[in-house]
Amino acid sequence: MTYRRRHLTLIAQTLAVASLILIVGCGLPAAKGETALAQDKSQVLATLADGHRINLRCIGRGAPTVLLEAGFGADSGAWFKVQPALSRQTRVCAYDRAGSGFSDLGPLPRDGATLARDLDQTLRVANIKGPYVVVGHSAGGLYARLFAARRPGDVVGLVLLDPTVERRAPRPQGDGLDGIRRRLQRCIATSAISPQPPPGDPQWSGCFSARSSERAVEIARNPETWRGQLSELDNIFGRTSEQVARIGSVLHDVPMYVITASETAASAPTVPFGPPISVWEAQHQQLAAQSRHGFQTTVLSPHLVMIARPEVVIAAVEAMVSATRAGRAPDPLPTSETAPLPQVDKPEDPGPNPFGQSLGAAPGLGPK
C-alpha cells in the first residue's frame with residue numbers, strides 16, 4: 001500500500017467515530033411524561049411481531065412522508081426544532097428506538113439491521129405508507145441507509161446530517177468508542193445495585209441528571225436500557241457497518257443530500273495530498289457520490305445540525321420533498337459555507353488525532 005493510501009486510510013478510520021462521540025451527553029429535550037403522551041393524539045405505540053412496542057409520532061399531512069432517524073443516544077425529542085416546521089408542508093414522523101423515549105426495550109443484539117426492521121414493522125403496523133424521505137443524523141445515517149435498502153421502492157430521498165460512515169473494527173474494544181462504552185458500563189453497574197443509589201448520587205453521573213424527566217429517570221434505572229445501548233454501540237463498527245457495506249448499488253438511484261458540520265470537519269485532519277479538504281468532508285463527498293443524484297455541502301455548525309441550524313435541515317428536506325412531488329431530481333445543495341482549509345505539508349509522523357488516540361494503527365484495524 002502506498003504512503004498516500006495508507007495515510008488516508010488510517011486517518012479516515014479515526015474520523016468515522018467523530019459524530020457518534022459528539023452527540024453523547026448533549027442536552028436534548030427530555031421525553032414527555034406519561035400523562036402528556038396519553039393526551040398527544042399524534043403519538044401511537046405500535047406493537048411489533050415479537051411483542052415490543054415502538055413509539056411513533058406523526059404530524060402534518062401529505063406525501064412523501066418524512067421519517068426522522070435520530071443519532072446514538074437520542075430519541076424523537078431531538079427533532080423539536082425541525083418536525084413542526086416540516087409538518088406545514090407534509091407528514092413528518094419521528095420515533096423512539098427500542099429502549100428510548102416511550103418505546104419498550106427490544107431484543108438483543110441491537111445492530112443496524114434490527115433497528116431498520118423495527119422501523120419497517122412500526123410503519124406497517126401504524127399504516128404509514130410510502131413514499132418516504134428519510135432524514136438520518138450521526139449514527140442514524142447508517143440506520144437510515146439500511147432502512148432505505150429494505151424499502152428501495154418506497155424511499156425517494158435521503159437527507160444525512162453529519163452522518164457516521166461505516167468502517168469495520170475487528171472487535172468493539174479499541175474502535176474509538178471506549179469512552180462511551182465505559183460510561184454505559186458504569187450505568188449498567190449502578191442500575192444493577194440493590195438498593196439503587198438515590199437521584200443525585202455521583203454514581204449516576206452520565207446516566208441522568210437533575211433536569212431529566214420522570215420517564216428518563218425510570219428508563220435509566222433499568223440496567224437493560226444500558227445493555228441495549230451498549231449492544232447498539234458495539235455493533236456500529238461491527239455488524240452494522242458490515243450490513244451497510246453490503247448495500248452496494250441498491251441506493252444508486254435514491255437521491256441523497258449529505259450535510260457536513262463544519263466543527264466536526266475542522267476537528268479532523270486534512271487529506272495529505274491534493275486540494276486541502278477535511279477527511280471528514282472527503283468521506284461525506286464519497287458517500288454522496290454513491291447516488292447518481294447525490295450532493296454534499298458543509299455548513300457552519302456543530303454536530304447537532306438539526307438544533308444549531310434547523311433552517312438548513314428544513315430547507316434541504318423541503319427541497320427533496322418538492323423534487324419528489326415534481327417527479328424530478330433534486331437541485332444541488334448550496335455551496336459550502338466554509339472557506340477551503342489551508343494546505344498542509346505531508347507529515348512524516350501523523351501524530352495524535354483530534355480524539356486523543358494514535359493514528360499509528362495497522363491498516364484496517366482502526367485506532368488503538
# chains A, B, ... in the order shown; residues from 1 in each chain; ligands from 1

call {"tool": "select_by_dssp", "arguments": {"residues": "range 91-265 of chain A", "states": "strand (DSSP E or B)", "output": "list in words"}}
result
Val92, Cys93, Ala94, Tyr95, Tyr132, Val133, Val134, Val135, Gly136, His137, Val155, Val156, Gly157, Leu158, Val159, Leu160, Leu161, Met256, Tyr257, Val258, Ile259, Thr260 and Ala261 of chain A

call {"tool": "closest_atom_pairs", "arguments": {"of": "range 65-156 of chain A", "to": "range 325-328 of chain A", "cutoff": "12 Å", "atoms": "only C-alpha atoms", "output": "Markdown table"}}
result
| residue | atom | partner | partner_atom | distance |
| --- | --- | --- | --- | --- |
| A:Thr65 | CA | A:Arg325 | CA | 11.4 |
| A:Gln89 | CA | A:Arg325 | CA | 11.5 |
| A:Thr90 | CA | A:Arg325 | CA | 10.9 |
| A:Pro131 | CA | A:Arg325 | CA | 10.3 |
| A:Tyr132 | CA | A:Arg325 | CA | 11.5 |
| A:Val133 | CA | A:Arg325 | CA | 11.4 |
| A:Val156 | CA | A:Arg325 | CA | 10.1 |

call {"tool": "write_last_selection", "arguments": {"atoms": "N, CA and C atoms", "output": "compact mmCIF listing (two decimals), in the first residue's frame"}}
result
# COMPACT_ATOMS: atom_id res chain seq x y z
N THR A 65 -43.94 11.10 2.99
CA THR A 65 -43.78 11.18 4.44
C THR A 65 -42.30 11.31 4.77
N GLN A 89 -45.63 21.38 5.50
CA GLN A 89 -45.58 21.03 4.08
C GLN A 89 -46.01 19.59 3.82
N THR A 90 -45.75 18.68 4.77
CA THR A 90 -46.06 17.28 4.54
C THR A 90 -46.13 16.54 5.86
N PRO A 131 -44.61 7.06 -0.37
CA PRO A 131 -43.14 7.19 -0.39
C PRO A 131 -42.60 7.94 0.83
N TYR A 132 -41.29 7.72 1.09
CA TYR A 132 -40.63 8.32 2.24
C TYR A 132 -39.40 9.11 1.82
N VAL A 133 -39.16 10.21 2.52
CA VAL A 133 -37.87 10.88 2.55
C VAL A 133 -37.32 10.63 3.94
N VAL A 156 -37.68 7.70 -1.47
CA VAL A 156 -37.44 8.54 -2.65
C VAL A 156 -36.40 9.62 -2.39

call {"tool": "residues_around", "arguments": {"residues": "range 301-313 of chain A", "least_positions_apart": "3", "cutoff": "8 Å", "atoms": "only C-alpha atoms", "output": "list in words"}}
result
Ser19, Leu22, Ile23, Ala78, Trp79, Lys81, Val82, Leu161, Asp162, Ala261, Ser262, Glu263, Thr264, Ala316 and Val317 of chain A

call {"tool": "select_by_dssp", "arguments": {"residues": "range 119-176 of chain A", "states": "alpha helix (DSSP H)", "output": "PyMOL selection string"}}
result
chain A and resi 119-125+140-150

call {"tool": "write_last_selection", "arguments": {"atoms": "all heavy atoms", "output": "short mmCIF file (atom, residue, chain, number, x, y, z; two decimals), in the first residue's frame"}}
result
data_model
loop_
_atom_site.label_atom_id
_atom_site.label_comp_id
_atom_site.auth_asym_id
_atom_site.auth_seq_id
_atom_site.Cartn_x
_atom_site.Cartn_y
_atom_site.Cartn_z
N LEU A 119 -38.18 -0.20 12.49
CA LEU A 119 -38.83 0.95 11.85
C LEU A 119 -39.77 0.48 10.75
O LEU A 119 -40.90 0.97 10.63
CB LEU A 119 -37.79 1.91 11.29
CG LEU A 119 -38.33 3.12 10.52
CD1 LEU A 119 -39.30 3.93 11.37
CD2 LEU A 119 -37.19 4.00 10.02
N ASP A 120 -39.33 -0.48 9.96
CA ASP A 120 -40.15 -1.03 8.88
C ASP A 120 -41.46 -1.58 9.44
O ASP A 120 -42.56 -1.24 8.97
CB ASP A 120 -39.35 -2.13 8.17
CG ASP A 120 -40.00 -2.58 6.87
OD1 ASP A 120 -41.16 -2.22 6.61
OD2 ASP A 120 -39.34 -3.31 6.11
N GLN A 121 -41.37 -2.42 10.48
CA GLN A 121 -42.56 -3.00 11.07
C GLN A 121 -43.45 -1.93 11.71
O GLN A 121 -44.69 -2.00 11.63
CB GLN A 121 -42.18 -4.04 12.12
CG GLN A 121 -41.59 -5.31 11.55
CD GLN A 121 -41.41 -6.39 12.62
OE1 GLN A 121 -42.00 -6.33 13.70
NE2 GLN A 121 -40.58 -7.37 12.33
N THR A 122 -42.83 -0.96 12.37
CA THR A 122 -43.60 0.11 13.00
C THR A 122 -44.47 0.84 11.99
O THR A 122 -45.66 1.10 12.22
CB THR A 122 -42.65 1.11 13.69
OG1 THR A 122 -41.93 0.44 14.72
CG2 THR A 122 -43.42 2.27 14.29
N LEU A 123 -43.90 1.17 10.84
CA LEU A 123 -44.66 1.88 9.81
C LEU A 123 -45.78 1.02 9.25
O LEU A 123 -46.88 1.52 8.96
CB LEU A 123 -43.71 2.32 8.69
CG LEU A 123 -42.65 3.34 9.10
CD1 LEU A 123 -41.62 3.51 7.99
CD2 LEU A 123 -43.28 4.68 9.45
N ARG A 124 -45.53 -0.28 9.12
CA ARG A 124 -46.57 -1.17 8.61
C ARG A 124 -47.71 -1.30 9.61
O ARG A 124 -48.89 -1.25 9.24
CB ARG A 124 -45.98 -2.55 8.28
CG ARG A 124 -44.98 -2.52 7.12
CD ARG A 124 -44.45 -3.90 6.79
NE ARG A 124 -43.33 -3.86 5.86
CZ ARG A 124 -43.43 -3.74 4.55
NH1 ARG A 124 -44.63 -3.65 3.98
NH2 ARG A 124 -42.35 -3.73 3.78
N VAL A 125 -47.36 -1.48 10.90
CA VAL A 125 -48.40 -1.60 11.92
C VAL A 125 -49.21 -0.31 12.01
O VAL A 125 -50.45 -0.34 12.16
CB VAL A 125 -47.76 -1.93 13.29
CG1 VAL A 125 -48.79 -1.82 14.41
CG2 VAL A 125 -47.15 -3.33 13.26
N GLY A 140 -27.57 7.67 13.08
CA GLY A 140 -28.85 7.47 12.41
C GLY A 140 -28.72 7.48 10.90
O GLY A 140 -29.61 6.98 10.20
N GLY A 141 -27.63 8.04 10.37
CA GLY A 141 -27.38 7.97 8.94
C GLY A 141 -27.16 6.55 8.46
O GLY A 141 -27.55 6.17 7.36
N LEU A 142 -26.51 5.73 9.29
CA LEU A 142 -26.32 4.32 8.95
C LEU A 142 -27.67 3.61 8.93
O LEU A 142 -27.98 2.84 8.02
CB LEU A 142 -25.40 3.65 9.97
CG LEU A 142 -23.95 4.15 10.05
CD1 LEU A 142 -23.22 3.49 11.22
CD2 LEU A 142 -23.20 3.88 8.75
N TYR A 143 -28.48 3.86 9.96
CA TYR A 143 -29.77 3.18 10.07
C TYR A 143 -30.72 3.64 8.96
O TYR A 143 -31.51 2.83 8.44
CB TYR A 143 -30.40 3.46 11.44
CG TYR A 143 -29.46 3.20 12.60
CD1 TYR A 143 -29.51 3.97 13.75
CD2 TYR A 143 -28.50 2.19 12.54
CE1 TYR A 143 -28.65 3.74 14.81
CE2 TYR A 143 -27.62 1.96 13.58
CZ TYR A 143 -27.70 2.74 14.72
OH TYR A 143 -26.84 2.52 15.77
N ALA A 144 -30.64 4.92 8.59
CA ALA A 144 -31.48 5.43 7.51
C ALA A 144 -31.16 4.72 6.20
O ALA A 144 -32.07 4.36 5.42
CB ALA A 144 -31.29 6.93 7.36
N ARG A 145 -29.89 4.49 5.94
CA ARG A 145 -29.50 3.82 4.70
C ARG A 145 -29.93 2.35 4.71
O ARG A 145 -30.35 1.80 3.68
CB ARG A 145 -27.99 3.95 4.50
CG ARG A 145 -27.55 5.37 4.18
CD ARG A 145 -26.07 5.59 4.43
NE ARG A 145 -25.24 4.78 3.57
CZ ARG A 145 -23.94 4.57 3.77
NH1 ARG A 145 -23.34 5.11 4.83
NH2 ARG A 145 -23.26 3.83 2.94
N LEU A 146 -29.86 1.70 5.87
CA LEU A 146 -30.29 0.31 5.96
C LEU A 146 -31.80 0.19 5.77
O LEU A 146 -32.29 -0.74 5.12
CB LEU A 146 -29.87 -0.30 7.30
CG LEU A 146 -28.37 -0.60 7.42
CD1 LEU A 146 -27.98 -0.90 8.86
CD2 LEU A 146 -27.99 -1.77 6.51
N PHE A 147 -32.55 1.14 6.34
CA PHE A 147 -33.99 1.14 6.10
C PHE A 147 -34.29 1.36 4.62
O PHE A 147 -35.15 0.68 4.04
CB PHE A 147 -34.68 2.22 6.94
CG PHE A 147 -36.14 2.39 6.60
CD1 PHE A 147 -37.07 1.50 7.09
CD2 PHE A 147 -36.56 3.41 5.76
CE1 PHE A 147 -38.43 1.63 6.75
CE2 PHE A 147 -37.90 3.55 5.42
CZ PHE A 147 -38.84 2.65 5.92
N ALA A 148 -33.59 2.30 3.99
CA ALA A 148 -33.80 2.56 2.57
C ALA A 148 -33.50 1.33 1.73
O ALA A 148 -34.17 1.07 0.72
CB ALA A 148 -32.93 3.74 2.12
N ALA A 149 -32.49 0.55 2.14
CA ALA A 149 -32.16 -0.67 1.41
C ALA A 149 -33.25 -1.73 1.56
O ALA A 149 -33.43 -2.57 0.67
CB ALA A 149 -30.82 -1.22 1.89
N ARG A 150 -33.98 -1.69 2.68
CA ARG A 150 -35.11 -2.60 2.87
C ARG A 150 -36.31 -2.18 2.01
O ARG A 150 -37.08 -3.04 1.57
CB ARG A 150 -35.56 -2.61 4.34
CG ARG A 150 -34.66 -3.30 5.31
CD ARG A 150 -35.25 -3.25 6.71
NE ARG A 150 -36.49 -4.00 6.82
CZ ARG A 150 -36.57 -5.27 7.19
NH1 ARG A 150 -35.47 -5.95 7.48
NH2 ARG A 150 -37.74 -5.88 7.28
#

call {"tool": "residues_around", "arguments": {"residues": "Arg239 in chain A", "least_positions_apart": "4", "cutoff": "7 Å", "atoms": "only C-alpha atoms", "output": "list in words"}}
result
Asp111, Asn235 and Gln243 of chain A

call {"tool": "residues_around", "arguments": {"residues": "Gly60 in chain A", "least_positions_apart": "5", "cutoff": "8 Å", "atoms": "only C-alpha atoms", "output": "list in words"}}
result
Leu86, Ser87, Arg88, Gln89, Thr90, Arg91 and Val92 of chain A

call {"tool": "residues_around", "arguments": {"residues": "Asp104 in chain A", "least_positions_apart": "5", "cutoff": "9 Å", "atoms": "only C-alpha atoms", "output": "list of chain:residue names"}}
result
A:His52, A:Arg53, A:Ile54, A:Asn55, A:Arg97, A:Ala98, A:Gly99

call {"tool": "write_last_selection", "arguments": {"atoms": "N, CA, C and O atoms", "output": "PDB file, in the first residue's frame"}}
result
ATOM      1  N   HIS A  52     -42.703  -6.237  21.433  1.00  0.00           N
ATOM      2  CA  HIS A  52     -42.301  -4.947  21.996  1.00  0.00           C
ATOM      3  C   HIS A  52     -42.900  -3.807  21.176  1.00  0.00           C
ATOM      4  O   HIS A  52     -43.202  -3.965  19.990  1.00  0.00           O
ATOM      5  N   ARG A  53     -43.097  -2.680  21.846  1.00  0.00           N
ATOM      6  CA  ARG A  53     -43.807  -1.549  21.259  1.00  0.00           C
ATOM      7  C   ARG A  53     -42.843  -0.403  20.947  1.00  0.00           C
ATOM      8  O   ARG A  53     -41.926  -0.136  21.715  1.00  0.00           O
ATOM      9  N   ILE A  54     -43.095   0.238  19.815  1.00  0.00           N
ATOM     10  CA  ILE A  54     -42.291   1.380  19.379  1.00  0.00           C
ATOM     11  C   ILE A  54     -43.186   2.610  19.326  1.00  0.00           C
ATOM     12  O   ILE A  54     -44.277   2.590  18.732  1.00  0.00           O
ATOM     13  N   ASN A  55     -42.719   3.695  19.947  1.00  0.00           N
ATOM     14  CA  ASN A  55     -43.467   4.951  19.964  1.00  0.00           C
ATOM     15  C   ASN A  55     -43.172   5.764  18.708  1.00  0.00           C
ATOM     16  O   ASN A  55     -42.020   6.059  18.403  1.00  0.00           O
ATOM     17  N   ARG A  97     -36.365   4.805  19.196  1.00  0.00           N
ATOM     18  CA  ARG A  97     -35.868   3.445  19.016  1.00  0.00           C
ATOM     19  C   ARG A  97     -36.100   2.633  20.294  1.00  0.00           C
ATOM     20  O   ARG A  97     -36.275   3.183  21.380  1.00  0.00           O
ATOM     21  N   ALA A  98     -36.099   1.314  20.167  1.00  0.00           N
ATOM     22  CA  ALA A  98     -36.346   0.434  21.311  1.00  0.00           C
ATOM     23  C   ALA A  98     -35.420   0.804  22.470  1.00  0.00           C
ATOM     24  O   ALA A  98     -34.215   0.995  22.285  1.00  0.00           O
ATOM     25  N   GLY A  99     -35.988   0.943  23.660  1.00  0.00           N
ATOM     26  CA  GLY A  99     -35.204   1.264  24.847  1.00  0.00           C
ATOM     27  C   GLY A  99     -35.015   2.747  25.077  1.00  0.00           C
ATOM     28  O   GLY A  99     -34.301   3.130  26.006  1.00  0.00           O
TER      29      GLY A  99
END

call {"tool": "residues_around", "arguments": {"residues": "Ser291 in chain A", "least_positions_apart": "2", "cutoff": "9 Å", "atoms": "only C-alpha atoms", "output": "list in words"}}
result
Ser249, Leu251, His252, Asp253, Val254, Pro255, Met256, Leu287, Ala288, Ala289, His293, Gly294 and Phe295 of chain A

call {"tool": "write_last_selection", "arguments": {"atoms": "N, CA and C atoms", "output": "PDB file, in the first residue's frame"}}
result
ATOM      1  N   SER A 249     -24.930  -1.160  -4.639  1.00  0.00           N
ATOM      2  CA  SER A 249     -25.524  -0.156  -5.528  1.00  0.00           C
ATOM      3  C   SER A 249     -27.039  -0.067  -5.389  1.00  0.00           C
ATOM      4  N   LEU A 251     -28.899   1.638  -3.536  1.00  0.00           N
ATOM      5  CA  LEU A 251     -29.410   3.000  -3.373  1.00  0.00           C
ATOM      6  C   LEU A 251     -28.890   3.963  -4.438  1.00  0.00           C
ATOM      7  N   HIS A 252     -28.342   3.425  -5.507  1.00  0.00           N
ATOM      8  CA  HIS A 252     -27.730   4.282  -6.534  1.00  0.00           C
ATOM      9  C   HIS A 252     -28.738   5.274  -7.110  1.00  0.00           C
ATOM     10  N   ASP A 253     -29.991   4.889  -7.227  1.00  0.00           N
ATOM     11  CA  ASP A 253     -30.999   5.760  -7.822  1.00  0.00           C
ATOM     12  C   ASP A 253     -31.775   6.572  -6.796  1.00  0.00           C
ATOM     13  N   VAL A 254     -31.421   6.445  -5.519  1.00  0.00           N
ATOM     14  CA  VAL A 254     -32.107   7.213  -4.477  1.00  0.00           C
ATOM     15  C   VAL A 254     -31.373   8.536  -4.289  1.00  0.00           C
ATOM     16  N   PRO A 255     -32.015   9.678  -4.535  1.00  0.00           N
ATOM     17  CA  PRO A 255     -31.347  10.968  -4.339  1.00  0.00           C
ATOM     18  C   PRO A 255     -30.860  11.119  -2.897  1.00  0.00           C
ATOM     19  N   MET A 256     -29.706  11.767  -2.742  1.00  0.00           N
ATOM     20  CA  MET A 256     -29.092  11.865  -1.418  1.00  0.00           C
ATOM     21  C   MET A 256     -28.476  13.239  -1.212  1.00  0.00           C
ATOM     22  N   LEU A 287     -19.578   9.452   0.093  1.00  0.00           N
ATOM     23  CA  LEU A 287     -20.900   8.904   0.388  1.00  0.00           C
ATOM     24  C   LEU A 287     -21.936   9.460  -0.579  1.00  0.00           C
ATOM     25  N   ALA A 288     -21.929  10.768  -0.786  1.00  0.00           N
ATOM     26  CA  ALA A 288     -22.887  11.381  -1.716  1.00  0.00           C
ATOM     27  C   ALA A 288     -22.710  10.839  -3.128  1.00  0.00           C
ATOM     28  N   ALA A 289     -21.478  10.532  -3.499  1.00  0.00           N
ATOM     29  CA  ALA A 289     -21.194  10.038  -4.850  1.00  0.00           C
ATOM     30  C   ALA A 289     -21.755   8.641  -5.094  1.00  0.00           C
ATOM     31  N   HIS A 293     -27.721  10.995  -7.933  1.00  0.00           N
ATOM     32  CA  HIS A 293     -28.235  12.329  -7.626  1.00  0.00           C
ATOM     33  C   HIS A 293     -27.828  12.678  -6.197  1.00  0.00           C
ATOM     34  N   GLY A 294     -26.525  12.569  -5.917  1.00  0.00           N
ATOM     35  CA  GLY A 294     -26.019  12.834  -4.583  1.00  0.00           C
ATOM     36  C   GLY A 294     -25.248  14.137  -4.516  1.00  0.00           C
ATOM     37  N   PHE A 295     -25.447  14.882  -3.430  1.00  0.00           N
ATOM     38  CA  PHE A 295     -24.789  16.171  -3.253  1.00  0.00           C
ATOM     39  C   PHE A 295     -24.345  16.316  -1.800  1.00  0.00           C
TER      40      PHE A 295
END

call {"tool": "atom_distance", "arguments": {"atom1": "CA of Val279 in chain A", "atom2": "CA of Val134 in chain A"}}
result
24.9 Å

call {"tool": "atom_distance", "arguments": {"atom1": "CA of Cys93 in chain A", "atom2": "CA of Ile59 in chain A"}}
result
6.6 Å
